[in-house]
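Shown below: my_file-v5.cif, with mmCIF, C-alpha atoms.
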```
data_target
loop_
_atom_site.label_atom_id
_atom_site.label_comp_id
_atom_site.auth_asym_id
_atom_site.auth_seq_id
_atom_site.Cartn_x
_atom_site.Cartn_y
_atom_site.Cartn_z
CA MET N 901 0.00 0.00 0.00
CA SER N 902 1.53 3.33 -0.93
CA CYS N 903 1.73 6.34 1.27
CA ALA N 904 -0.35 8.38 -1.13
CA ALA N 905 -3.06 5.76 -1.05
CA LEU N 906 -3.09 5.81 2.70
CA LEU N 907 -3.22 9.55 2.84
CA ARG N 908 -6.50 9.49 0.96
CA ALA N 909 -9.39 9.42 3.34
CA GLY N 910 -10.89 6.07 4.17
CA SER N 911 -8.11 3.97 2.71
CA LEU N 912 -6.99 2.47 5.97
CA PRO N 913 -6.85 -1.31 6.23
CA ALA N 914 -9.84 -2.63 8.12
CA GLY N 915 -9.26 -4.88 11.14
CA PRO N 916 -11.30 -7.97 11.89
CA ALA N 917 -13.22 -6.30 14.67
CA ARG N 918 -14.65 -2.80 14.91
CA PRO N 919 -12.31 -0.87 17.22
CA ALA N 920 -13.70 1.19 20.07
CA GLY N 921 -14.77 4.59 18.83
CA MET N 922 -15.64 3.40 15.32
CA THR N 923 -19.19 3.73 14.14
CA LEU N 924 -21.01 1.02 12.18
CA ASP N 925 -20.28 2.68 8.83
CA GLY N 926 -16.55 2.50 9.55
CA HIS N 927 -16.18 6.16 10.51
CA VAL N 928 -13.98 6.74 13.55
CA ALA N 929 -15.61 9.25 15.87
CA ASP N 930 -12.61 9.91 18.13
CA PRO N 931 -9.97 11.94 16.25
CA ARG N 932 -7.19 10.46 18.36
CA LEU N 933 -8.30 6.96 17.51
CA ALA N 934 -8.67 7.89 13.86
CA GLN N 935 -5.13 9.21 13.88
CA GLU N 936 -3.78 6.07 15.54
CA GLN N 937 -5.62 3.95 13.04
CA ARG N 938 -4.04 5.92 10.22
CA TRP N 939 -0.58 5.48 11.80
CA GLY N 940 -1.24 1.75 12.11
CA GLY N 941 -1.99 1.68 8.39
CA LEU N 942 1.19 3.62 7.61
CA LEU N 943 3.30 1.23 9.68
CA ALA N 944 1.65 -1.77 8.01
CA ALA N 945 2.65 -0.22 4.66
CA ALA N 946 6.18 0.41 5.97
CA GLN N 947 6.44 -3.26 6.92
CA THR N 948 6.05 -4.09 3.24
CA GLY N 949 8.86 -1.68 2.33
CA ASP N 950 6.95 1.55 1.64
CA ALA N 951 9.57 4.16 2.57
CA ARG N 952 7.26 7.15 2.00
CA ALA N 953 4.62 5.74 4.33
CA TYR N 954 7.32 5.15 6.91
CA ASP N 955 8.71 8.67 6.60
CA THR N 956 5.19 10.12 6.95
CA LEU N 957 4.51 7.95 9.99
CA LEU N 958 7.72 8.89 11.78
CA ARG N 959 7.17 12.60 11.16
CA GLU N 960 3.54 12.48 12.26
CA VAL N 961 4.16 10.37 15.34
CA THR N 962 7.11 12.44 16.60
CA PRO N 963 4.93 15.06 18.39
CA ARG N 964 3.14 12.22 20.19
CA LEU N 965 6.50 10.74 21.20
CA ARG N 966 7.57 14.15 22.44
CA GLN N 967 4.36 14.51 24.43
CA LEU N 968 4.85 11.09 26.02
CA ALA N 969 8.48 11.88 26.88
CA ARG N 970 7.53 15.28 28.32
CA ALA N 971 5.08 13.57 30.66
CA ARG N 972 8.08 12.03 32.41
CA ILE N 973 11.10 14.22 31.63
CA ARG N 974 11.40 17.95 32.25
CA ASP N 975 14.71 18.66 30.59
CA ALA N 976 14.18 19.66 26.92
CA ALA N 977 17.38 18.09 25.59
CA GLU N 978 16.68 14.86 27.44
CA VAL N 979 13.15 14.84 26.00
CA GLU N 980 14.56 15.12 22.49
CA ASP N 981 17.05 12.35 23.22
CA ALA N 982 14.19 10.14 24.46
CA VAL N 983 12.23 10.94 21.28
CA GLN N 984 15.18 9.90 19.12
CA ASP N 985 15.66 6.74 21.17
CA ALA N 986 11.97 5.95 20.68
CA LEU N 987 12.26 6.52 16.91
CA MET N 988 15.18 4.12 16.75
CA THR N 989 13.25 1.56 18.79
CA ILE N 990 10.23 1.91 16.49
CA HIS N 991 12.60 1.25 13.60
CA ALA N 992 14.10 -1.83 15.26
CA LEU N 993 10.72 -3.21 16.38
CA ARG N 994 8.58 -2.35 13.38
CA HIS N 995 8.17 -6.06 12.64
CA THR N 996 6.43 -6.56 16.01
CA TYR N 997 3.42 -4.43 15.11
CA ASP N 998 0.30 -6.36 14.21
CA PRO N 999 -1.94 -4.23 11.95
CA MET N 1000 -5.00 -6.02 13.33
CA ARG N 1001 -4.33 -4.43 16.71
CA PRO N 1002 -4.45 -0.79 17.85
CA PHE N 1003 -1.34 1.27 17.22
CA GLY N 1004 -1.68 3.47 20.35
CA PRO N 1005 -0.54 0.98 23.02
CA TRP N 1006 2.32 -0.19 20.80
CA VAL N 1007 3.83 3.25 20.38
CA THR N 1008 3.02 4.35 23.93
CA THR N 1009 4.94 1.43 25.45
CA ILE N 1010 7.97 2.15 23.26
CA ALA N 1011 8.00 5.88 24.04
CA THR N 1012 7.44 5.31 27.75
CA ARG N 1013 10.22 2.71 28.02
CA ARG N 1014 12.72 4.98 26.32
CA ALA N 1015 11.75 7.90 28.56
CA ILE N 1016 12.16 5.70 31.65
CA ASP N 1017 15.57 4.54 30.37
CA ARG N 1018 16.60 8.18 29.99
CA LEU N 1019 15.46 8.97 33.51
CA ARG N 1020 17.36 5.98 34.89
CA ARG N 1021 20.55 6.99 33.10
CA ARG N 1022 20.00 10.52 34.26
CA GLY N 1023 19.52 9.27 37.81
CA ARG N 1024 22.74 7.28 37.66
CA GLY N 1025 24.69 10.24 36.33
CA ALA N 1026 22.99 12.93 38.43
CA GLY N 1027 25.55 12.80 41.21
CA ARG N 1028 28.35 13.58 38.79
CA GLU N 1029 26.67 16.19 36.62
CA SER N 1030 25.67 19.82 36.81
CA ASN N 1031 22.49 20.79 35.06
CA LEU N 1032 23.82 23.18 32.42
CA ASP N 1033 20.43 23.18 30.73
CA ASP N 1034 19.07 25.32 33.53
CA LEU N 1035 21.38 28.12 32.50
CA PRO N 1036 19.74 30.50 30.00
CA GLU N 1037 22.86 30.95 27.85
CA SER N 1038 23.02 27.25 27.17
CA ALA N 1039 19.48 27.01 25.88
CA ALA N 1040 20.49 27.57 22.28
CA SER N 1041 23.28 25.06 22.40
CA VAL N 1042 21.35 21.96 23.40
CA ALA N 1043 20.55 20.76 19.89
CA PRO N 1044 20.86 17.00 20.10
CA VAL N 1045 23.81 15.52 18.25
CA ALA N 1046 23.33 11.78 17.90
CA GLU N 1047 27.00 10.89 17.51
CA ASP N 1048 27.95 12.92 20.58
CA ARG N 1049 25.16 11.32 22.53
CA ILE N 1050 26.25 7.83 21.56
CA VAL N 1051 29.85 8.58 22.53
CA ALA N 1052 28.71 10.13 25.81
CA ARG N 1053 26.42 7.20 26.54
CA ASN N 1054 29.18 4.68 25.80
CA LEU N 1055 31.53 6.58 28.07
CA ARG N 1056 28.94 6.78 30.85
CA ASP N 1057 28.28 3.04 30.53
CA ALA N 1058 32.01 2.28 30.57
CA VAL N 1059 32.51 4.42 33.69
CA ALA N 1060 29.50 2.79 35.35
CA GLU N 1061 31.09 -0.63 34.81
CA LEU N 1062 34.31 0.33 36.60
CA PRO N 1063 34.80 -0.90 40.18
CA GLU N 1064 33.49 1.48 42.84
CA SER N 1065 36.95 2.61 44.02
CA GLN N 1066 38.06 3.44 40.46
CA ARG N 1067 34.84 5.33 39.79
CA THR N 1068 35.27 7.39 42.95
CA ALA N 1069 38.91 8.11 42.14
CA LEU N 1070 38.06 9.10 38.58
CA ARG N 1071 35.26 11.41 39.71
CA LEU N 1072 37.30 13.19 42.35
CA ALA N 1073 40.64 13.37 40.57
CA LYS N 1074 39.54 13.91 36.98
CA LEU N 1075 36.02 15.29 36.95
CA GLU N 1076 35.97 17.40 40.10
CA ASP N 1077 39.62 18.23 39.55
CA LEU N 1078 40.55 17.95 43.21
CA SER N 1079 44.15 17.69 44.31
CA LEU N 1080 45.23 14.24 45.45
CA ALA N 1081 45.26 15.38 49.06
CA GLU N 1082 41.71 16.76 48.84
CA ALA N 1083 40.49 13.71 46.94
CA SER N 1084 42.09 11.50 49.56
CA ALA N 1085 40.39 13.41 52.36
CA ARG N 1086 37.01 13.24 50.58
CA SER N 1087 37.15 9.57 49.67
CA GLY N 1088 38.95 8.13 52.67
CA LEU N 1089 41.38 6.41 50.28
CA SER N 1090 45.10 6.88 50.66
CA VAL N 1091 46.93 9.04 48.10
CA GLY N 1092 48.67 5.93 46.78
CA ALA N 1093 45.41 4.01 46.44
CA LEU N 1094 43.85 6.98 44.64
CA LYS N 1095 46.74 7.14 42.18
CA VAL N 1096 46.51 3.45 41.44
CA ALA N 1097 42.71 3.50 41.11
CA THR N 1098 42.76 6.54 38.78
CA HIS N 1099 45.53 5.03 36.70
CA ARG N 1100 43.65 1.74 36.36
CA ALA N 1101 40.39 3.48 35.54
CA MET N 1102 42.01 5.56 32.79
CA ARG N 1103 43.85 2.56 31.42
CA SER N 1104 40.72 0.44 31.27
CA LEU N 1105 38.74 3.28 29.59
CA ARG N 1106 41.53 3.83 27.05
CA ARG N 1107 41.71 0.12 26.33
CA ARG N 1108 37.96 -0.01 25.88
CA PHE N 1109 37.86 2.89 23.44
CA GLY N 1110 41.09 1.94 21.70
CA VAL N 1111 42.88 5.17 22.66
CA GLY N 1112 46.68 5.15 22.96
CA GLY N 1113 48.91 7.63 24.78
CA GLU N 1114 50.63 5.99 27.70
CA GLY N 1115 52.00 9.28 28.94
CA GLU N 1116 48.55 10.78 29.52
CA ASP N 1117 47.35 8.37 32.12
CA ARG N 1118 49.38 9.61 34.99
CA ALA N 1119 47.25 10.27 38.02
CA ASP N 1120 49.79 12.26 39.97
CA ARG N 1121 48.77 15.54 38.51
CA MET W 1034 21.82 14.92 14.71
CA GLN W 1035 18.45 16.63 14.59
CA THR W 1036 15.32 14.52 14.92
CA ASP W 1037 14.23 15.40 11.34
CA GLU W 1038 17.55 14.19 10.02
CA LEU W 1039 17.27 10.98 12.00
CA ILE W 1040 13.82 10.34 10.53
CA SER W 1041 15.16 10.92 7.02
CA ARG W 1042 17.96 8.46 7.64
CA LEU W 1043 15.67 5.83 9.14
CA SER W 1044 13.18 6.04 6.30
CA GLN W 1045 15.82 6.12 3.57
CA ASP W 1046 16.14 2.39 3.32
CA VAL W 1047 13.20 0.39 4.62
CA PRO W 1048 13.39 -3.20 3.44
CA PRO W 1049 10.22 -5.26 3.87
CA VAL W 1050 10.16 -7.05 7.22
CA ARG W 1051 8.54 -10.30 8.24
CA ARG W 1052 6.11 -9.79 11.09
CA VAL W 1053 6.76 -11.72 14.27
CA THR W 1054 4.74 -14.88 14.75
CA PRO W 1055 1.56 -14.21 16.75
CA PRO W 1056 2.23 -14.96 20.44
CA MET W 1057 -0.16 -17.88 20.87
CA GLN W 1058 1.21 -19.55 17.77
CA ALA W 1059 4.80 -18.95 18.89
CA ALA W 1060 4.02 -20.27 22.38
CA LEU W 1061 2.47 -23.43 20.94
CA ARG W 1062 5.53 -23.93 18.73
CA TRP W 1063 7.87 -23.57 21.65
CA LEU W 1064 5.73 -25.82 23.85
CA ALA W 1065 5.64 -28.50 21.15
CA MET W 1066 9.41 -28.28 20.80
CA ALA W 1067 10.02 -28.33 24.58
CA LEU W 1068 7.59 -31.18 25.21
CA GLY W 1069 9.17 -33.09 22.32
CA VAL W 1070 12.65 -32.71 23.85
CA VAL W 1071 11.47 -33.66 27.34
CA ALA W 1072 9.40 -36.60 26.01
CA ALA W 1073 12.40 -37.91 24.06
CA VAL W 1074 14.54 -37.81 27.19
CA VAL W 1075 11.82 -39.49 29.25
CA LEU W 1076 11.49 -42.25 26.66
CA LEU W 1077 15.25 -42.75 26.50
CA SER W 1078 15.65 -42.79 30.29
CA GLY W 1079 12.63 -45.00 30.88
CA PHE W 1080 9.70 -44.26 33.18
CA ARG W 1081 10.18 -44.54 36.92
CA HIS W 1082 9.32 -47.97 38.31
CA ASP W 1083 6.36 -46.80 40.38
CA LEU W 1084 4.87 -44.42 37.81
CA GLU W 1085 1.62 -46.34 37.43
CA GLN W 1086 0.93 -46.38 41.18
CA ARG W 1087 1.89 -42.75 41.58
CA LEU W 1088 -0.34 -41.61 38.76
CA MET W 1089 -3.27 -43.31 40.48
CA LEU W 1090 -2.90 -40.85 43.34
CA MET W 1091 -4.97 -37.74 42.98
CA HIS W 1092 -2.38 -35.36 44.46
CA GLU W 1093 0.31 -36.69 42.10
CA GLN W 1094 -1.93 -36.04 39.11
CA VAL W 1095 -2.76 -32.59 40.38
CA ASN W 1096 0.91 -31.72 40.98
CA LEU W 1097 1.92 -32.93 37.56
CA LEU W 1098 -0.88 -31.03 35.84
CA ALA W 1099 -0.14 -27.91 37.88
CA ALA W 1100 3.53 -28.00 36.83
CA LEU W 1101 2.52 -28.48 33.21
CA ALA W 1102 -0.02 -25.66 33.43
CA THR W 1103 2.59 -23.39 35.05
CA GLY W 1104 5.03 -24.04 32.22
CA ALA W 1105 2.42 -23.55 29.51
CA ALA W 1106 1.02 -20.38 31.11
CA ALA W 1107 4.51 -18.94 31.57
CA ALA W 1108 5.30 -19.62 27.89
CA VAL W 1109 2.09 -17.96 26.71
CA ALA W 1110 2.72 -14.99 29.02
CA ALA W 1111 6.34 -14.60 27.86
CA PHE W 1112 5.42 -14.48 24.17
CA HIS W 1113 2.67 -11.95 24.83
CA LEU W 1114 4.82 -9.81 27.08
CA ALA W 1115 7.58 -9.74 24.45
CA LEU W 1116 5.37 -7.52 22.27
CA PRO W 1117 5.18 -3.78 23.00
CA ASP W 1118 1.40 -3.52 22.68
CA ARG W 1119 0.57 -6.16 25.29
CA SER W 1120 -0.29 -5.38 28.88
CA ASP W 1121 2.27 -5.86 31.66
CA ARG W 1122 -0.42 -7.88 33.41
CA TRP W 1123 0.37 -10.87 31.18
CA ALA W 1124 3.21 -11.50 33.64
CA LEU W 1125 0.60 -12.52 36.22
CA LEU W 1126 -0.84 -15.34 34.12
CA PRO W 1127 1.31 -18.21 35.47
CA LEU W 1128 1.06 -17.06 39.09
CA PRO W 1129 -2.18 -18.91 40.02
CA PHE W 1130 -0.89 -22.14 38.47
CA ALA W 1131 2.50 -21.75 40.14
CA ALA W 1132 0.83 -20.99 43.47
CA PHE W 1133 -1.38 -24.05 43.07
CA TRP W 1134 1.64 -26.20 42.22
CA VAL W 1135 3.77 -24.98 45.13
CA SER W 1136 0.87 -25.16 47.57
CA GLY W 1137 0.16 -28.74 46.42
CA LEU W 1138 3.76 -29.70 47.15
CA GLY W 1139 3.62 -27.83 50.46
CA TRP W 1140 0.43 -29.64 51.42
CA GLY W 1141 2.16 -32.93 50.65
CA CYS W 1142 4.97 -31.96 53.00
CA ILE W 1143 2.52 -31.22 55.82
CA ALA W 1144 0.59 -34.47 55.27
CA GLU W 1145 3.83 -36.44 55.37
CA PHE W 1146 4.96 -34.65 58.48
CA ILE W 1147 1.72 -35.47 60.32
CA GLU W 1148 1.79 -39.08 59.17
CA ARG W 1149 5.38 -40.07 59.87
CA GLY W 1150 7.28 -37.10 61.19
CA TRP W 1151 9.78 -35.15 59.20
CA PRO W 1152 10.93 -37.36 56.33
CA ALA W 1153 14.63 -37.96 55.86
CA LEU W 1154 15.91 -35.36 53.47
CA ARG W 1155 18.58 -36.34 51.05
CA VAL W 1156 20.66 -34.36 48.68
CA SER W 1157 19.53 -34.91 45.11
CA PHE W 1158 21.81 -33.08 42.75
CA GLY W 1159 20.59 -35.39 39.98
CA CYS W 1160 17.21 -33.62 40.05
CA MET W 1161 18.86 -30.25 40.00
CA SER W 1162 21.15 -31.10 37.11
CA PHE W 1163 18.23 -32.54 35.12
CA ILE W 1164 16.11 -29.42 35.54
CA ILE W 1165 19.01 -27.05 34.95
CA GLY W 1166 20.41 -29.18 32.12
CA PHE W 1167 17.14 -29.11 30.21
CA GLY W 1168 15.80 -25.86 31.58
CA VAL W 1169 18.69 -23.70 30.40
CA PRO W 1170 18.73 -24.78 26.71
CA LEU W 1171 14.94 -24.56 26.52
CA THR W 1172 15.12 -21.12 28.12
CA LEU W 1173 17.71 -20.05 25.54
CA GLY W 1174 15.40 -21.32 22.81
CA MET W 1175 12.60 -19.11 24.08
CA LEU W 1176 14.93 -16.14 24.56
CA TRP W 1177 15.91 -16.49 20.92
CA MET W 1178 12.25 -16.53 19.87
CA THR W 1179 11.45 -13.48 22.02
CA ARG W 1180 14.71 -11.58 21.45
CA HIS W 1181 12.80 -8.54 20.16
CA ALA W 1182 11.75 -8.00 23.80
CA ALA W 1183 15.34 -6.98 24.57
CA ARG W 1184 14.34 -3.34 24.02
CA ILE W 1185 11.00 -3.53 25.84
CA ARG W 1186 10.70 -5.92 28.80
CA PRO W 1187 13.75 -8.19 28.80
CA GLY W 1188 13.72 -8.96 32.52
CA PRO W 1189 10.14 -10.23 32.94
CA VAL W 1190 10.21 -12.07 29.61
CA ALA W 1191 13.47 -13.81 30.54
CA ALA W 1192 12.14 -14.77 33.99
CA LEU W 1193 8.97 -16.22 32.45
CA ALA W 1194 11.05 -18.10 29.87
CA GLY W 1195 13.09 -19.64 32.68
CA LEU W 1196 9.95 -20.56 34.61
CA ALA W 1197 8.31 -22.14 31.54
CA ALA W 1198 11.38 -24.18 30.63
CA ALA W 1199 12.16 -25.35 34.15
CA ALA W 1200 8.54 -26.25 34.94
CA LEU W 1201 8.38 -28.47 31.85
CA ALA W 1202 11.73 -30.03 32.72
CA SER W 1203 10.32 -30.73 36.19
CA VAL W 1204 7.33 -32.53 34.65
CA GLY W 1205 9.73 -34.69 32.64
CA LEU W 1206 11.80 -35.39 35.72
CA SER W 1207 8.72 -36.44 37.71
CA LEU W 1208 8.12 -39.14 35.10
CA VAL W 1209 11.62 -40.62 35.25
CA HIS W 1210 12.89 -40.04 38.74
CA HIS W 1211 11.49 -41.22 42.03
CA LEU W 1212 11.59 -38.99 45.09
CA GLU W 1213 9.83 -40.56 48.02
CA ALA W 1214 9.18 -37.40 50.03
CA ALA W 1215 7.10 -34.41 48.96
CA ALA W 1216 9.56 -32.20 50.82
CA MET W 1217 12.30 -33.51 48.54
CA VAL W 1218 10.22 -32.65 45.49
CA LEU W 1219 9.51 -29.20 46.86
CA ILE W 1220 13.14 -28.51 47.65
CA TRP W 1221 14.81 -30.05 44.59
CA HIS W 1222 12.20 -29.51 41.92
CA GLY W 1223 10.89 -26.20 43.24
CA GLY W 1224 14.37 -24.98 44.14
CA SER W 1225 15.80 -25.87 40.73
CA VAL W 1226 12.92 -24.21 38.91
CA LEU W 1227 13.46 -21.09 40.99
CA LEU W 1228 17.17 -21.20 40.26
CA VAL W 1229 16.67 -21.44 36.48
CA MET W 1230 14.16 -18.60 36.68
CA LEU W 1231 16.58 -16.43 38.64
CA PHE W 1232 19.48 -17.21 36.30
CA SER W 1233 17.33 -16.29 33.38
CA ARG W 1234 16.12 -13.09 35.06
CA ILE W 1235 19.71 -12.02 35.72
CA TRP W 1236 21.47 -13.20 32.55
CA GLY W 1237 18.57 -13.38 30.10
CA LYS W 1238 18.60 -9.65 29.43
CA ARG W 1239 22.21 -9.81 28.26
CA ALA W 1240 21.56 -12.95 26.20
CA MET W 1241 18.57 -11.35 24.47
CA ARG W 1242 20.55 -8.22 23.67
CA ALA W 1243 23.35 -10.32 22.17
CA MET W 1244 20.85 -12.33 20.14
CA ASP W 1245 19.04 -9.19 18.98
CA ALA W 1246 22.23 -7.38 17.94
#
```
The structure in this file should be written as structure tokens.
Amino acid sequence: MSCAALLRAGSLPAGPARPAGMTLDGHVADPRLAQEQRWGGLLAAAQTGDARAYDTLLREVTPRLRQLARARIRDAAEVEDAVQDALMTIHALRHTYDPMRPFGPWVTTIATRRAIDRLRRRGRGAGRESNLDDLPESAASVAPVAEDRIVARNLRDAVAELPESQRTALRLAKLEDLSLAEASARSGLSVGALKVATHRAMRSLRRRFGVGGEGEDRADR
Amino acid sequence: MQTDELISRLSQDVPPVRRVTPPMQAALRWLAMALGVVAAVVLLSGFRHDLEQRLMLMHEQVNLLAALATGAAAAVAAFHLALPDRSDRWALLPLPFAAFWVSGLGWGCIAEFIERGWPALRVSFGCMSFIIGFGVPLTLGMLWMTRHAARIRPGPVAALAGLAAAALASVGLSLVHHLEAAAMVLIWHGGSVLLVMLFSRIWGKRAMRAMDA
């Protein structure tokens, strides 16, 4: 089914049962339901390889994804990230949609899961981050850059997988830029232990991301 | 990348996709496969010597059916839950059957205790290795079939897959291996099923992600 065909009124594929909100003559009374039914038709067309239908669907459904993300996330940049995550999940899971079933719950679950994931990641990183988005001058510079986000996410995940002592050392010595003495006082670790932990953390991150430069990983700044 | 640009990229190349098998159909396929594997093992190992007498007992029949129902319900629930548009409440489907099964075993323990005191408990690693040995591959089979859930509900789906596989393995084990005390069945069957379920809950997420990559 082509996108153009779907865009014409009344060309949506009919399900086996009359969905809630549809009158006997096939007219959908609820505009939200009618819209979801149309999106279901577009996705069914996309499943057969109709790229135009798919493009139309993704563009039309994005405001709904944004609305669902905003219901859980306040930060604008995070909302946009959650929307993009949801779009990528829709893409990866498009084969799981059954055109005989309503589209609304399918897309709502995907958008909600991605928003929750964002919140969880945010929660994990909250202790180490300052909310720059609250500053007015940064408002114009929060345009989402997918590559940067992927790199940042990979880095966050890699740091999260480090042992606790290495994470603490890395945060104090590298991110908060404390002197070894201050970091030692804050963490309760000895200066020597801090040096070793920071060195190991940097080495394991470098190894993971394939970055060389042996001379850079000295902790005794 | 801006969202508009991402959409353009995603919709640039959209090859036709094959829709996932409807959940009931997929569950029946998996159940047929799992029951086939377990039945083959039971036939190769031979039935337990007292099977006929045991199957005459009402509580044995009920326990066996409850285990089978738990496995089947968990499989149906897992395949439904693996799809984004299904309710989270599917996860509750096997609970009544599992509760019935465990309470049946528990009741057997109490009856035995009243009749002849606490029965001698033995270690039965054979039971555990049977349930784990068959439960894990069958779990992996279901994780493969539900790998699309990796992005939606990997944890609950994996736990249900483990429950389904281990419950069916337990049914097979009941047909080949004799355990004289209900407490033994509860500990070794129930414990092993729980173990497979927990393993799957913990490691299943990672396995599904690897399979879905």
Note to self: Residue by residue, what does the PyMOL selection byres ((chain W) within 10 of (chain N)) grab here? Present the result as a PyMOL selection string.
What the structure shows: chain W and resi 1034-1037+1039-1055+1115-1121+1181-1182+1184-1186+1245
Notebook entry, point to check: Quick one: which residues end up in the PyMOL selection byres ((chain W and resi 1207) around 10) for this structure, as an MDAnalysis selection string?
Noted result: chainID W and resid 1075 1080:1081 1084 1093 1096:1097 1100 1160 1201:1206 1208:1212 1218 1222
Check: Written as a PyMOL selection string, which residues does the PyMOL selection byres ((chain N and resi 1091-1103) around 6) give for the file shown?
Finding: chain N and resi 1066+1069-1070+1084+1090+1104-1106+1117+1119
Check: If you measure from atom CA of Ser1162 of chain W to atom CA of Leu1219 of chain W, what distance in Å do you get, rounded to one decimal?
Finding: 15.3 Å
Distance query segment 1134-1146 of chain W at most 10 Å, all atoms listed in the file, self and fewer than 5 positions along chain excluded, as an mmCIF file with C-alpha atoms, keeping the file's coordinate frame:
```cif
data_model
loop_
_atom_site.group_PDB
_atom_site.id
_atom_site.type_symbol
_atom_site.label_atom_id
_atom_site.label_comp_id
_atom_site.auth_asym_id
_atom_site.auth_seq_id
_atom_site.Cartn_x
_atom_site.Cartn_y
_atom_site.Cartn_z
ATOM 1 C CA HIS W 1092 -2.380 -35.360 44.460
ATOM 2 C CA GLU W 1093 0.310 -36.690 42.100
ATOM 3 C CA VAL W 1095 -2.760 -32.590 40.380
ATOM 4 C CA ASN W 1096 0.910 -31.720 40.980
ATOM 5 C CA LEU W 1097 1.920 -32.930 37.560
ATOM 6 C CA LEU W 1098 -0.880 -31.030 35.840
ATOM 7 C CA ALA W 1099 -0.140 -27.910 37.880
ATOM 8 C CA ALA W 1100 3.530 -28.000 36.830
ATOM 9 C CA LEU W 1101 2.520 -28.480 33.210
ATOM 10 C CA ALA W 1102 -0.020 -25.660 33.430
ATOM 11 C CA THR W 1103 2.590 -23.390 35.050
ATOM 12 C CA LEU W 1128 1.060 -17.060 39.090
ATOM 13 C CA PRO W 1129 -2.180 -18.910 40.020
ATOM 14 C CA TRP W 1151 9.780 -35.150 59.200
ATOM 15 C CA PRO W 1152 10.930 -37.360 56.330
ATOM 16 C CA ALA W 1214 9.180 -37.400 50.030
ATOM 17 C CA ALA W 1215 7.100 -34.410 48.960
ATOM 18 C CA ALA W 1216 9.560 -32.200 50.820
ATOM 19 C CA MET W 1217 12.300 -33.510 48.540
ATOM 20 C CA VAL W 1218 10.220 -32.650 45.490
ATOM 21 C CA LEU W 1219 9.510 -29.200 46.860
ATOM 22 C CA ILE W 1220 13.140 -28.510 47.650
ATOM 23 C CA HIS W 1222 12.200 -29.510 41.920
ATOM 24 C CA GLY W 1223 10.890 -26.200 43.240
#
```
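With atom CA of Ile1165 of chain W on one side and atom CA of Val1229 of chain W on the other, the separation reads 6.3 Å.
Rounded to one decimal, atom CA of Gly1079 of chain W and atom CA of Ala1198 of chain W lie 20.9 Å from each other.
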Note to self: Set the distance at 10 Å and use only C-alpha atoms: which residues neighbour Ala1106 of chain W once local chain neighbours fewer than 5 positions away are removed? I'd like the list as a ChimeraX atom specification.
What the structure shows: /W:1060,1100-1101,1111,1123-1131,1193,1196-1197
Margin query: For a quick check of understanding, using only C-alpha atoms, which of W:Ala1108, W:Met1244, W:Met1057, W:Ile1164 has the smallest distance to Val1074 of chain W?
Written below: W:Ile1164
